[in-house]
$ cat my_file_25.txt   # compact mmCIF, C-alpha atoms and all ligand atoms
# COMPACT_ATOMS: atom_id res chain seq x y z
CA MET S 1 -16.34 -5.78 2.80
CA LEU S 2 -12.97 -7.43 2.59
CA ALA S 3 -11.50 -10.92 2.15
CA SER S 4 -8.08 -12.40 2.67
CA GLU S 5 -6.05 -14.18 0.09
CA LEU S 6 -4.70 -17.68 0.44
CA ARG S 7 -2.03 -18.14 -2.19
CA THR S 8 -1.60 -21.44 -3.91
CA ARG S 9 1.93 -21.69 -5.17
CA LEU S 10 3.30 -23.92 -7.86
CA PRO S 11 5.35 -26.87 -6.57
CA SER S 12 8.56 -25.43 -7.96
CA GLN S 13 8.14 -22.20 -6.08
CA GLN S 14 9.25 -21.30 -2.59
CA PRO S 15 6.50 -21.15 0.02
CA PRO S 16 5.52 -17.66 1.13
CA SER S 17 7.58 -16.39 4.02
CA ARG S 18 4.47 -15.05 5.71
CA GLY S 19 0.93 -16.23 5.47
CA PRO S 20 -2.23 -14.27 4.86
CA LEU S 21 -3.68 -12.09 7.58
CA PRO S 22 -5.71 -14.40 9.80
CA CYS S 23 -8.90 -12.97 11.14
CA ALA S 24 -9.85 -13.20 14.80
CA GLY S 25 -11.11 -16.73 15.31
CA LEU S 26 -9.28 -18.01 12.29
CA GLN S 27 -6.07 -19.15 13.90
CA GLY S 28 -4.91 -22.20 12.03
CA ALA S 29 -7.77 -21.97 9.61
CA GLY S 30 -7.43 -23.58 6.22
CA PRO S 31 -8.56 -22.36 2.87
CA ALA S 32 -12.19 -23.32 3.24
CA ARG S 33 -12.91 -21.56 6.51
CA CYS S 34 -14.51 -18.26 7.07
CA CYS S 35 -15.32 -16.04 9.96
CA ALA S 36 -18.76 -14.57 10.44
CA GLY S 37 -18.71 -11.92 13.11
CA GLY S 38 -15.99 -13.73 15.02
CA ARG S 39 -17.70 -17.10 14.66
CA ARG S 40 -15.79 -19.87 12.98
CA LYS S 41 -17.57 -21.57 10.16
CA GLU S 42 -16.62 -24.41 7.86
CA GLU S 43 -17.40 -24.00 4.21
CA THR S 44 -19.08 -26.97 2.68
CA GLY S 45 -16.86 -27.14 -0.37
CA ALA S 46 -19.34 -25.27 -2.52
CA ALA S 47 -18.17 -21.76 -1.87
CA GLY S 48 -21.64 -20.42 -2.57
CA THR S 49 -22.87 -21.74 0.76
CA CYS S 50 -20.62 -19.40 2.69
CA PRO S 51 -22.43 -16.33 4.01
CA CYS S 52 -19.27 -14.29 4.33
CA VAL S 53 -18.11 -11.52 2.08
CA ALA S 54 -14.52 -11.47 1.00
CA PHE S 55 -11.89 -9.09 2.13
CA GLN S 56 -8.54 -8.27 0.62
CA ALA S 57 -5.87 -8.02 3.26
CA ALA S 58 -2.89 -7.85 1.03
CA MET S 59 -1.63 -4.27 0.92
CA ALA S 60 0.19 -2.11 3.41
CA GLY S 61 3.41 -0.50 4.71
CA THR S 62 6.57 -0.82 6.66
CA SER S 63 6.77 2.33 8.69
CA SER S 64 7.94 2.24 12.23
CA GLU S 65 5.03 4.52 13.06
CA LEU S 66 1.64 3.33 14.03
CA SER S 67 -0.24 3.58 10.82
CA ASP S 68 -2.73 0.79 10.32
CA SER S 69 -2.37 0.90 6.59
CA GLU S 70 1.36 0.57 7.07
CA ILE S 71 0.70 -2.55 9.06
CA LEU S 72 -1.18 -4.05 6.16
CA GLN S 73 1.70 -3.25 3.86
CA LEU S 74 3.92 -5.54 5.90
CA LEU S 75 1.80 -8.39 4.60
CA GLU S 76 2.01 -7.32 1.01
CA GLU S 77 5.76 -6.97 0.73
CA PRO S 78 6.72 -10.63 0.40
CA ALA S 79 3.96 -11.28 -2.08
CA ARG S 80 4.90 -8.27 -4.15
CA ASP S 81 8.52 -9.22 -4.48
CA SER S 82 8.36 -12.97 -4.69
CA PRO S 83 7.73 -14.94 -7.87
CA GLN S 84 4.11 -15.62 -8.63
CA PRO S 85 2.38 -18.61 -10.12
CA GLY S 86 1.97 -17.93 -13.76
CA ASP S 87 5.41 -16.37 -14.05
CA SER S 88 7.73 -18.14 -16.37
CA GLY S 89 10.48 -18.21 -13.84
CA GLN S 90 12.51 -16.09 -16.24
CA PRO S 91 12.79 -12.37 -15.95
CA ASN S 92 10.11 -10.82 -18.14
CA SER S 93 10.87 -7.20 -17.49
CA SER S 94 13.34 -4.94 -15.83
CA SER S 95 11.44 -5.18 -12.59
CA ASP S 96 11.55 -8.95 -12.68
CA LEU S 97 15.31 -9.01 -12.87
CA PRO S 98 17.15 -10.64 -9.99
CA LEU S 99 18.48 -8.31 -7.33
CA ASP S 100 22.06 -9.12 -8.15
CA SER S 101 21.63 -7.58 -11.59
CA LEU S 102 23.09 -4.26 -10.66
CA SER S 103 22.97 -2.41 -13.91
CA THR S 104 21.00 -2.18 -17.09
CA GLU S 105 22.47 -2.06 -20.54
CA VAL S 106 21.24 0.76 -22.73
CA ALA S 107 22.16 1.62 -26.25
CA ALA S 108 23.89 4.91 -27.00
CA ASP S 109 24.97 6.46 -30.25
CA THR S 110 28.58 7.52 -30.42
CA ALA S 111 30.84 8.66 -33.19
CA ALA S 112 32.14 5.12 -33.40
CA GLY S 113 28.67 3.74 -33.91
CA GLN S 114 26.19 2.15 -31.56
CA VAL S 115 27.73 0.84 -28.35
CA LYS S 116 26.26 -0.38 -25.13
CA ARG S 117 26.81 1.40 -21.89
CA LYS S 118 25.56 0.61 -18.45
CA ARG S 119 23.37 2.70 -16.24
CA ALA S 120 22.64 2.26 -12.57
CA GLN S 121 19.42 0.58 -11.60
CA THR S 122 16.68 2.77 -10.30
CA PRO S 123 15.42 1.91 -6.79
CA LEU S 124 12.26 0.51 -8.38
CA GLU S 125 14.39 -1.89 -10.39
CA LYS S 126 16.74 -2.64 -7.52
CA TYR S 127 13.87 -3.74 -5.27
CA SER S 128 11.99 -5.44 -8.14
CA LEU S 129 8.92 -3.29 -7.62
CA LYS S 130 6.20 -2.86 -10.18
CA TYR S 131 4.27 -0.50 -7.95
CA LEU S 132 4.47 1.45 -4.71
CA SER S 133 2.02 1.75 -1.87
CA VAL S 134 0.66 4.96 -0.42
CA THR S 135 2.38 4.04 2.81
CA ASP S 136 5.72 3.69 1.02
CA LEU S 137 5.37 7.36 0.19
CA SER S 138 4.09 8.42 3.59
CA THR S 139 6.97 6.66 5.37
CA GLN S 140 9.27 8.30 2.84
CA SER S 141 7.85 11.66 3.85
CA TRP S 142 9.04 11.03 7.43
CA CYS S 143 12.58 10.16 6.43
CA GLU S 144 13.48 8.79 3.04
CA GLN S 145 16.70 7.24 4.28
CA GLN S 146 14.84 5.50 7.12
CA MET S 147 12.33 4.13 4.64
CA VAL S 148 15.18 2.67 2.58
CA TYR S 149 16.82 1.12 5.64
CA GLY S 150 13.47 -0.29 6.67
CA ARG S 151 13.25 -2.07 3.33
CA GLU S 152 16.83 -3.32 3.36
CA LEU S 153 17.32 -4.03 7.06
CA PRO S 154 13.89 -4.70 8.57
CA LEU S 155 15.35 -6.78 11.39
CA LEU S 156 17.07 -3.73 12.84
CA GLN S 157 13.74 -2.17 13.59
CA ALA S 158 13.25 -1.68 17.34
CA SER S 159 11.24 -4.50 18.89
CA GLU S 160 9.00 -2.00 20.68
CA LYS S 161 7.94 -0.59 17.36
CA VAL S 162 7.24 -4.06 16.02
CA ARG S 163 5.10 -4.76 19.10
CA LEU S 164 3.15 -1.55 18.54
CA LEU S 165 2.63 -2.49 14.91
CA ASN S 166 1.22 -5.87 15.87
CA THR S 167 -1.11 -4.34 18.43
CA GLY S 168 -2.26 -1.80 15.88
CA LYS S 169 -2.93 -4.64 13.45
CA SER S 170 -5.25 -6.36 15.90
CA ILE S 171 -7.18 -3.16 16.60
CA HIS S 172 -7.52 -2.53 12.91
CA LEU S 173 -8.80 -6.02 12.25
CA ALA S 174 -11.35 -5.78 15.04
CA ARG S 175 -12.76 -2.63 13.45
CA GLU S 176 -13.00 -4.35 10.10
CA LEU S 177 -14.99 -7.19 11.58
CA GLU S 178 -17.53 -4.68 12.83
CA VAL S 179 -18.70 -4.01 9.28
CA HIS S 180 -17.96 -7.17 7.34
CA ASP S 181 -16.97 -10.77 7.65
CA ILE S 182 -13.84 -12.38 6.32
CA VAL S 183 -13.35 -15.32 4.06
CA GLU S 184 -10.17 -16.77 2.67
CA VAL S 185 -10.09 -17.37 -1.06
CA ARG S 186 -7.44 -19.50 -2.70
CA THR S 187 -5.49 -17.83 -5.50
CA THR S 188 -3.37 -19.58 -8.07
CA SER S 189 -1.91 -16.77 -10.16
CA LYS S 190 -0.90 -13.12 -10.03
CA GLU S 191 -4.11 -12.33 -11.87
CA ASP S 192 -6.12 -14.13 -9.18
CA SER S 193 -4.46 -12.01 -6.49
CA TRP S 194 -5.37 -8.81 -8.26
CA ALA S 195 -8.81 -10.13 -9.08
CA LEU S 196 -9.45 -10.47 -5.35
CA LYS S 197 -8.47 -6.86 -4.74
CA ILE S 198 -10.79 -5.77 -7.55
CA LEU S 199 -13.65 -7.92 -6.28
CA ASN S 200 -13.30 -6.36 -2.85
CA LEU S 201 -13.48 -2.94 -4.43
CA LEU S 202 -16.46 -3.93 -6.59
CA SER S 203 -18.35 -5.29 -3.62
CA MET S 204 -18.04 -1.94 -1.83
CA ILE S 205 -19.37 0.29 -4.60
CA PRO S 206 -23.06 -0.64 -4.10
CA VAL S 207 -22.67 -0.08 -0.36
CA LEU S 208 -21.40 3.44 -0.96
CA GLN S 209 -24.09 4.05 -3.56
CA ALA S 210 -26.67 3.11 -0.96
CA GLY S 211 -25.19 5.59 1.52
CA GLY S 212 -23.46 2.95 3.63
CA CYS S 213 -20.05 2.77 5.25
CA VAL S 214 -17.13 0.66 3.98
CA ARG S 215 -13.78 -0.19 5.50
CA GLU S 216 -10.52 -1.26 3.88
CA LEU S 217 -11.38 0.03 0.44
CA PRO S 218 -8.58 -0.68 -2.08
CA VAL S 219 -7.49 2.18 -4.31
CA PHE S 220 -5.20 2.08 -7.36
CA GLY S 221 -3.87 4.75 -9.64
CA VAL S 222 -0.94 6.14 -11.57
CA ILE S 223 0.94 9.31 -10.69
CA ASP S 224 3.89 10.46 -12.72
CA GLY S 225 4.11 7.11 -14.46
CA ILE S 226 4.26 5.05 -11.25
CA PHE S 227 1.45 2.72 -10.22
CA LEU S 228 0.31 3.29 -6.64
CA VAL S 229 -1.90 1.17 -4.40
CA GLY S 230 -3.47 1.88 -1.06
CA ILE S 231 -6.22 0.92 1.31
CA ILE S 232 -8.57 3.51 2.71
CA ASP S 233 -9.48 2.76 6.30
CA GLU S 234 -13.06 3.93 6.12
CA LEU S 235 -15.45 5.83 3.86
CA CYS S 236 -18.74 7.07 5.27
CA TYR S 237 -21.24 9.82 4.71
CA THR S 238 -21.61 12.64 7.20
CA ALA S 239 -24.94 13.96 8.38
CA LYS S 240 -24.61 16.63 5.69
CA GLY S 241 -24.22 13.95 3.02
CA GLU S 242 -20.49 14.55 2.46
CA LEU S 243 -18.35 11.55 1.61
CA GLU S 244 -15.82 11.41 4.43
CA LEU S 245 -12.55 9.48 4.57
CA ARG S 246 -11.67 8.42 8.09
CA GLU S 247 -8.21 7.19 8.90
CA LEU S 248 -7.47 5.50 12.21
CA LYS S 249 -4.05 5.94 13.80
CA THR S 250 -3.32 4.06 16.99
CA ARG S 251 -0.56 5.34 19.23
CA GLY S 252 1.66 3.86 21.88
CA ARG S 253 1.60 7.08 23.91
CA PRO S 254 -1.63 8.53 25.30
CA SER S 255 -1.10 11.86 23.58
CA MET S 256 -1.65 13.44 20.21
CA PRO S 257 1.23 13.17 17.73
CA SER S 258 3.79 15.86 17.00
CA GLU S 259 3.26 18.29 14.15
CA ALA S 260 5.77 16.33 12.06
CA GLN S 261 3.84 13.11 12.56
CA LYS S 262 0.59 14.85 11.73
CA LYS S 263 2.15 16.24 8.56
CA ARG S 264 3.04 12.75 7.42
CA ASP S 265 -0.48 11.49 8.22
CA TYR S 266 -2.07 14.44 6.40
CA PHE S 267 -0.07 13.59 3.33
CA GLN S 268 -1.21 9.97 3.47
CA VAL S 269 -4.93 10.75 3.55
CA CYS S 270 -4.56 13.42 0.87
CA LEU S 271 -2.93 10.86 -1.36
CA TYR S 272 -5.80 8.43 -0.79
CA LYS S 273 -8.24 11.11 -1.88
CA TYR S 274 -6.14 11.96 -4.91
CA ILE S 275 -6.18 8.34 -6.09
CA PHE S 276 -9.82 7.63 -5.21
CA ASP S 277 -11.08 10.72 -7.01
CA ALA S 278 -9.08 9.80 -10.10
CA MET S 279 -10.57 6.29 -10.03
CA ILE S 280 -14.17 7.46 -10.05
CA GLN S 281 -13.35 10.02 -12.72
CA GLY S 282 -12.46 7.18 -15.10
CA GLN S 283 -8.68 7.34 -15.01
CA LEU S 284 -8.26 3.69 -14.01
CA LYS S 285 -8.75 2.21 -17.46
CA PRO S 286 -8.53 -1.58 -17.83
CA ASP S 287 -5.13 -1.54 -19.48
CA VAL S 288 -3.55 0.59 -16.75
CA ILE S 289 -3.28 -2.29 -14.32
CA THR S 290 -2.20 -4.87 -16.89
CA ARG S 291 0.47 -2.56 -18.29
CA HIS S 292 2.01 -1.50 -15.00
CA ILE S 293 1.74 -4.78 -13.11
CA ARG S 294 2.32 -6.85 -16.26
CA LEU S 295 -0.77 -9.00 -15.95
CA ARG S 296 -2.54 -10.98 -18.64
CA PRO S 297 -6.15 -9.97 -19.30
CA GLU S 298 -6.79 -13.28 -21.04
CA GLN S 299 -5.67 -15.29 -17.98
CA PRO S 300 -8.53 -17.56 -16.79
CA LEU S 301 -9.44 -16.95 -13.17
CA GLY S 302 -9.11 -19.74 -10.62
CA SER S 303 -12.20 -21.67 -9.59
CA GLN S 304 -12.37 -20.15 -6.09
CA ILE S 305 -12.09 -16.65 -7.50
CA ARG S 306 -14.89 -17.33 -9.97
CA GLN S 307 -17.04 -18.80 -7.20
CA HIS S 308 -16.40 -15.85 -4.97
CA ALA S 309 -17.16 -13.42 -7.79
CA GLN S 310 -20.49 -15.15 -8.29
CA LYS S 311 -21.28 -14.79 -4.60
CA VAL S 312 -20.80 -11.04 -4.78
CA GLY S 313 -22.83 -10.79 -7.97
CA PHE S 314 -20.40 -11.06 -10.90
CA VAL S 315 -20.01 -13.74 -13.54
CA VAL S 316 -16.46 -13.67 -14.87
CA THR S 317 -14.14 -16.11 -16.55
CA CYS S 318 -10.90 -14.26 -17.19
CA PHE S 319 -9.02 -11.40 -15.56
CA GLY S 320 -9.93 -8.97 -18.35
CA ASP S 321 -13.64 -9.43 -17.54
CA LEU S 322 -13.04 -8.08 -14.07
CA LEU S 323 -11.01 -5.15 -15.32
CA GLU S 324 -13.86 -4.10 -17.60
CA LEU S 325 -16.36 -4.50 -14.77
CA MET S 326 -14.20 -2.42 -12.47
CA TYR S 327 -13.88 0.40 -14.97
CA LEU S 328 -17.60 0.45 -15.78
CA ASN S 329 -18.69 0.25 -12.17
CA LEU S 330 -16.35 3.02 -11.08
CA THR S 331 -17.24 5.40 -13.86
CA LEU S 332 -20.99 4.72 -13.96
CA SER S 333 -21.49 4.52 -10.21
CA ASP S 334 -22.03 8.26 -9.71
CA LEU S 335 -20.01 8.10 -6.55
CA PRO S 336 -18.93 11.55 -5.36
CA SER S 337 -15.36 12.65 -4.80
CA ILE S 338 -14.21 12.54 -1.20
CA ASP S 339 -15.41 15.74 0.45
CA ARG S 340 -13.79 15.52 3.86
CA LEU S 341 -10.63 13.99 5.30
CA THR S 342 -10.35 13.15 9.00
CA ILE S 343 -7.76 11.31 11.06
CA GLU S 344 -8.73 9.78 14.36
CA TYR S 345 -5.95 9.15 16.88
CA SER S 346 -6.44 6.70 19.72
CA HIS S 347 -4.30 5.21 22.46
CA GLN S 348 -3.51 1.55 21.80
CA ASP S 349 -3.45 0.17 25.32
CA SER S 350 -6.56 1.89 26.66
CA ASP S 351 -8.39 2.32 23.34
CA THR S 352 -9.02 5.90 24.45
CA PRO S 353 -9.71 8.41 21.67
CA LEU S 354 -7.03 11.10 21.70
CA GLY S 355 -8.46 13.47 19.15
CA THR S 356 -9.54 13.94 15.55
CA GLU S 357 -7.88 16.10 12.92
CA VAL S 358 -9.65 17.48 9.88
CA VAL S 359 -7.25 17.69 6.95
CA GLU S 360 -7.31 20.31 4.23
CA PHE S 361 -6.71 18.90 0.76
CA GLU S 362 -4.37 20.96 -1.39
CA GLU S 363 -4.07 19.14 -4.67
CA GLU S 364 -1.11 21.04 -6.06
CA LYS S 365 0.97 20.54 -2.93
CA VAL S 366 0.15 16.85 -2.82
CA ARG S 367 1.17 16.41 -6.44
CA GLU S 368 4.43 18.27 -5.91
CA ARG S 369 5.36 16.16 -2.90
CA VAL S 370 4.53 12.93 -4.71
CA GLN S 371 6.64 13.97 -7.68
CA CYS S 372 9.55 14.72 -5.37
CA TYR S 373 9.31 11.30 -3.69
CA LEU S 374 8.84 9.47 -6.97
CA ALA S 375 11.95 11.15 -8.36
CA TYR S 376 13.95 9.04 -5.90
CA TRP S 377 12.22 5.83 -6.98
CA LYS S 378 12.84 6.62 -10.63
CA GLY S 379 16.54 7.14 -9.99
CA GLN S 380 16.42 10.86 -10.71
CA ARG S 381 18.09 11.79 -7.42
CA GLU S 382 19.92 10.16 -4.52
CA VAL S 383 18.28 9.10 -1.28
CA GLN S 384 18.04 11.82 1.36
CA GLY S 385 17.78 11.78 5.15
CA VAL S 386 16.24 14.41 7.36
CA GLU S 387 17.28 18.04 7.22
CA ILE S 388 19.13 19.57 10.12
CA GLU S 389 16.01 21.10 11.65
CA GLU S 390 14.47 17.63 11.87
CA ALA S 391 17.57 15.94 13.28
CA TRP S 392 15.54 15.13 16.40
CA LYS S 393 13.98 12.31 14.36
CA CYS S 394 17.35 10.54 14.39
CA ARG S 395 17.28 10.15 18.17
CA SER S 396 14.47 7.60 18.02
CA CYS S 397 15.52 6.02 14.74
CA SER S 398 16.43 2.32 14.72
CA TYR S 399 19.09 3.01 12.11
CA SER S 400 20.88 5.95 13.72
CA GLU S 401 24.00 3.88 14.46
CA ILE S 402 24.53 2.91 10.85
CA CYS S 403 23.03 5.88 9.04
CA ASP S 404 25.38 7.33 6.43
CA TRP S 405 23.30 10.46 6.09
CA ARG S 406 23.49 11.18 9.81
CA ARG S 407 27.22 10.51 9.89
CA THR S 408 27.79 12.84 6.95
CA ARG S 409 25.71 15.51 8.59
CA ALA S 410 27.71 15.15 11.82
CA ASP S 411 30.85 15.67 9.77
CA GLY S 412 29.54 19.02 8.60
CA PRO S 413 26.54 20.31 6.68
CA GLU S 414 28.79 21.77 4.03
CA GLN S 415 29.43 18.22 2.87
CA ARG S 416 25.94 18.08 1.62
CA SER S 417 25.91 21.48 0.08
CA GLY S 418 24.16 21.38 -3.23
CA LEU S 419 21.52 18.91 -2.07
CA LYS S 420 18.09 20.32 -2.30
CA LYS S 421 15.68 20.29 0.59
CA SER S 422 12.80 18.02 -0.11
CA LYS S 423 10.95 17.69 3.12
FE1 LIG S 501 16.75 9.24 8.80
FE2 LIG S 501 18.09 10.20 10.90
FE3 LIG S 501 17.27 7.66 10.86
FE4 LIG S 501 19.29 8.46 9.29
S1 LIG S 501 19.27 8.40 11.52
S2 LIG S 501 17.57 7.14 8.73
S3 LIG S 501 18.59 10.54 8.73
S4 LIG S 501 15.96 9.48 10.88
$ encode --input "my_file_25.txt" --output "structure tokens" --more "lines below"
Ligand code: SF4
Amino acid sequence: MLASELRTRLPSQQPPSRGPLPCAGLQGAGPARCCAGGRRKEETGAAGTCPCVAFQAAMAGTSSELSDSEILQLLEEPARDSPQPGDSGQPNSSSDLPLDSLSTEVAADTAAGQVKRKRAQTPLEKYSLKYLSVTDLSTQSWCEQQMVYGRELPLLQASEKVRLLNTGKSIHLARELEVHDIVEVRTTSKEDSWALKILNLLSMIPVLQAGGCVRELPVFGVIDGIFLVGIIDELCYTAKGELELRELKTRGRPSMPSEAQKKRDYFQVCLYKYIFDAMIQGQLKPDVITRHIRLRPEQPLGSQIRQHAQKVGFVVTCFGDLLELMYLNLTLSDLPSIDRLTIEYSHQDSDTPLGTEVVEFEEEKVRERVQCYLAYWKGQREVQGVEIEEAWKCRSCSYSEICDWRRTRADGPEQRSGLKKSK
């Protein structure tokens, strides 16, 4: 069950550069429209009359590969980085600083007393990020340098890849509509936006408890001090009663992906499991979200959010109410950990299944890889491109003409001696 967010912005703020994900049959739809199984339906003003369940369509990625969760991330990026209603308009933290603030002053003791010195911004600070998505890390696992270029120079991305992303988005949405309807809910604050994500999660827990199947399940968690978000494509039970995560990957070519592409996809689903399991084990305490995202638990929720919460069975007034509900529902739900990870590949144009991979979860390896990637985001090491044995990736890279890493490598591998392999 998922619902899309319609942001209401304060008059002084810039309009969003991209709108919410419209569902099929919702082209041009306003805030009070919903889609029931592809049908278009007007709400009557009282949100309680709408039969639809809500769906959060706000998170996803920017990879040039055909990951559906990456597609969703494209929609989240502008919202994540742009000012939100409820913000003061003034920087309230290091991650709210403007991009042109290129350094941070820190105090240091010297023999002459306390002086201020400057340190370079971490990438998290530079891009004003309070959290990362799972797909940020999975695109990073393909080529970290490419992921950075994708963030800084998205317009250089090959148009063919953009077309494939859009097609993948449509396929993904069609699958969602098979299991739930979509409604747009107006949000008026950062807390409202996160409340919608939490409500979508809360509405899926009873379905899983009853042995049902859910799609687009939001997951949140902290690894190594960094808040991560993601959206699991599908959770279902197998005939043996195992909880199975199913990830759909659509491909432009009618063939299975290379081993390198599979490796990246394996990492992505393992990371989903890592975060989901931590959530149901009680690690997502109410203050985790407010601390990392800098949200106010006392913030009253908007009227449409409260109405929607009521429709899915919750009476809440402020954001903190929802956080408590989320924590209690996750920890008392008795949901099992994810037992099985599968990735289904299909050909975009023909919708032909290409094959299914079963992924082995190795917790220690996943944690090590995440720590390595997060070290870049925390400013603990420089950005890296692909190693020489994966130089073939550069041939199809949209940024090969401008890539410093590639140019340096062409000048001689000894120039990078001392850099550790990370891939
Ligand atoms: Fe990465 Fe190669 Fe592209 Fe540079 S050219 S961003 S190293 S894939």
$ closest_residue --input "my_file_25.txt" --among "S:Gln281, S:Leu248, S:Ile223, S:Ser333" --to "Ala210 in chain S" --atoms "all atoms listed in the file"
S:Ser333
$ residues_near_ligand --input "my_file_25.txt" --ligand "ligand LIG 501 (chain S)" --cutoff "8 Å" --atoms "only C-alpha atoms and all ligand atoms" --output "list in words"
Trp142, Cys143, Glu144, Gln145, Gln146, Met147, Val148, Tyr149, Gln384, Gly385, Val386, Glu387, Ala391, Trp392, Lys393, Cys394, Arg395, Ser396, Cys397, Ser398, Tyr399, Ser400, Glu401, Ile402, Cys403, Asp404, Trp405 and Arg406 of chain S
$ atom_distance --input "my_file_25.txt" --atom1 "CA of Glu344 in chain S" --atom2 "CA of Glu389 in chain S"
27.3 Å
$ closest_residue --input "my_file_25.txt" --among "S:Asp136, S:Asp351, S:Glu362, S:Glu390" --to "Gly150 in chain S" --atoms "only C-alpha atoms"
S:Asp136
$ closest_residue --input "my_file_25.txt" --among "S:His180, S:Arg253, S:Arg296, S:Arg407" --to "Ser350 in chain S" --atoms "all atoms listed in the file"
S:Arg253
$ build_atoms --input "my_file_25.txt" --residues "range 364-370 of chain S" --atoms "all heavy atoms" --output "compact mmCIF listing (two decimals), in the frame of the given file"
# COMPACT_ATOMS: atom_id res chain seq x y z
N GLU S 364 -2.40 20.69 -5.44
CA GLU S 364 -1.11 21.04 -6.06
C GLU S 364 0.05 20.63 -5.15
O GLU S 364 1.07 20.09 -5.62
CB GLU S 364 -1.09 22.54 -6.35
CG GLU S 364 0.02 22.97 -7.30
CD GLU S 364 0.05 22.17 -8.60
OE1 GLU S 364 -1.03 21.88 -9.18
OE2 GLU S 364 1.15 21.81 -9.02
N LYS S 365 -0.10 20.89 -3.86
CA LYS S 365 0.97 20.54 -2.93
C LYS S 365 1.16 19.03 -2.86
O LYS S 365 2.28 18.53 -2.76
CB LYS S 365 0.65 21.09 -1.53
CG LYS S 365 0.91 22.56 -1.40
CD LYS S 365 0.80 22.99 0.05
CE LYS S 365 1.02 24.48 0.15
NZ LYS S 365 0.68 25.01 1.47
N VAL S 366 0.05 18.32 -2.88
CA VAL S 366 0.15 16.85 -2.82
C VAL S 366 0.89 16.34 -4.05
O VAL S 366 1.81 15.51 -3.95
CB VAL S 366 -1.26 16.21 -2.76
CG1 VAL S 366 -1.17 14.69 -2.86
CG2 VAL S 366 -1.97 16.62 -1.48
N ARG S 367 0.53 16.87 -5.21
CA ARG S 367 1.17 16.41 -6.44
C ARG S 367 2.67 16.72 -6.43
O ARG S 367 3.49 15.87 -6.80
CB ARG S 367 0.50 17.04 -7.66
CG ARG S 367 0.93 16.36 -8.96
CD ARG S 367 0.38 16.99 -10.21
NE ARG S 367 -1.06 17.09 -10.23
CZ ARG S 367 -1.73 18.24 -10.25
NH1 ARG S 367 -1.11 19.38 -10.26
NH2 ARG S 367 -3.04 18.24 -10.27
N GLU S 368 3.01 17.90 -5.96
CA GLU S 368 4.43 18.27 -5.91
C GLU S 368 5.22 17.34 -4.99
O GLU S 368 6.33 16.91 -5.31
CB GLU S 368 4.58 19.71 -5.41
CG GLU S 368 4.35 20.74 -6.48
CD GLU S 368 4.37 22.16 -5.92
OE1 GLU S 368 4.84 22.33 -4.77
OE2 GLU S 368 3.93 23.07 -6.61
N ARG S 369 4.65 17.04 -3.83
CA ARG S 369 5.36 16.16 -2.90
C ARG S 369 5.52 14.75 -3.48
O ARG S 369 6.56 14.13 -3.38
CB ARG S 369 4.62 16.08 -1.56
CG ARG S 369 4.78 17.33 -0.72
CD ARG S 369 4.13 17.17 0.62
NE ARG S 369 4.86 16.30 1.54
CZ ARG S 369 4.44 16.01 2.75
NH1 ARG S 369 3.30 16.49 3.19
NH2 ARG S 369 5.15 15.22 3.53
N VAL S 370 4.45 14.27 -4.11
CA VAL S 370 4.53 12.93 -4.71
C VAL S 370 5.61 12.91 -5.79
O VAL S 370 6.42 11.98 -5.86
CB VAL S 370 3.16 12.52 -5.31
CG1 VAL S 370 3.29 11.21 -6.08
CG2 VAL S 370 2.13 12.36 -4.22
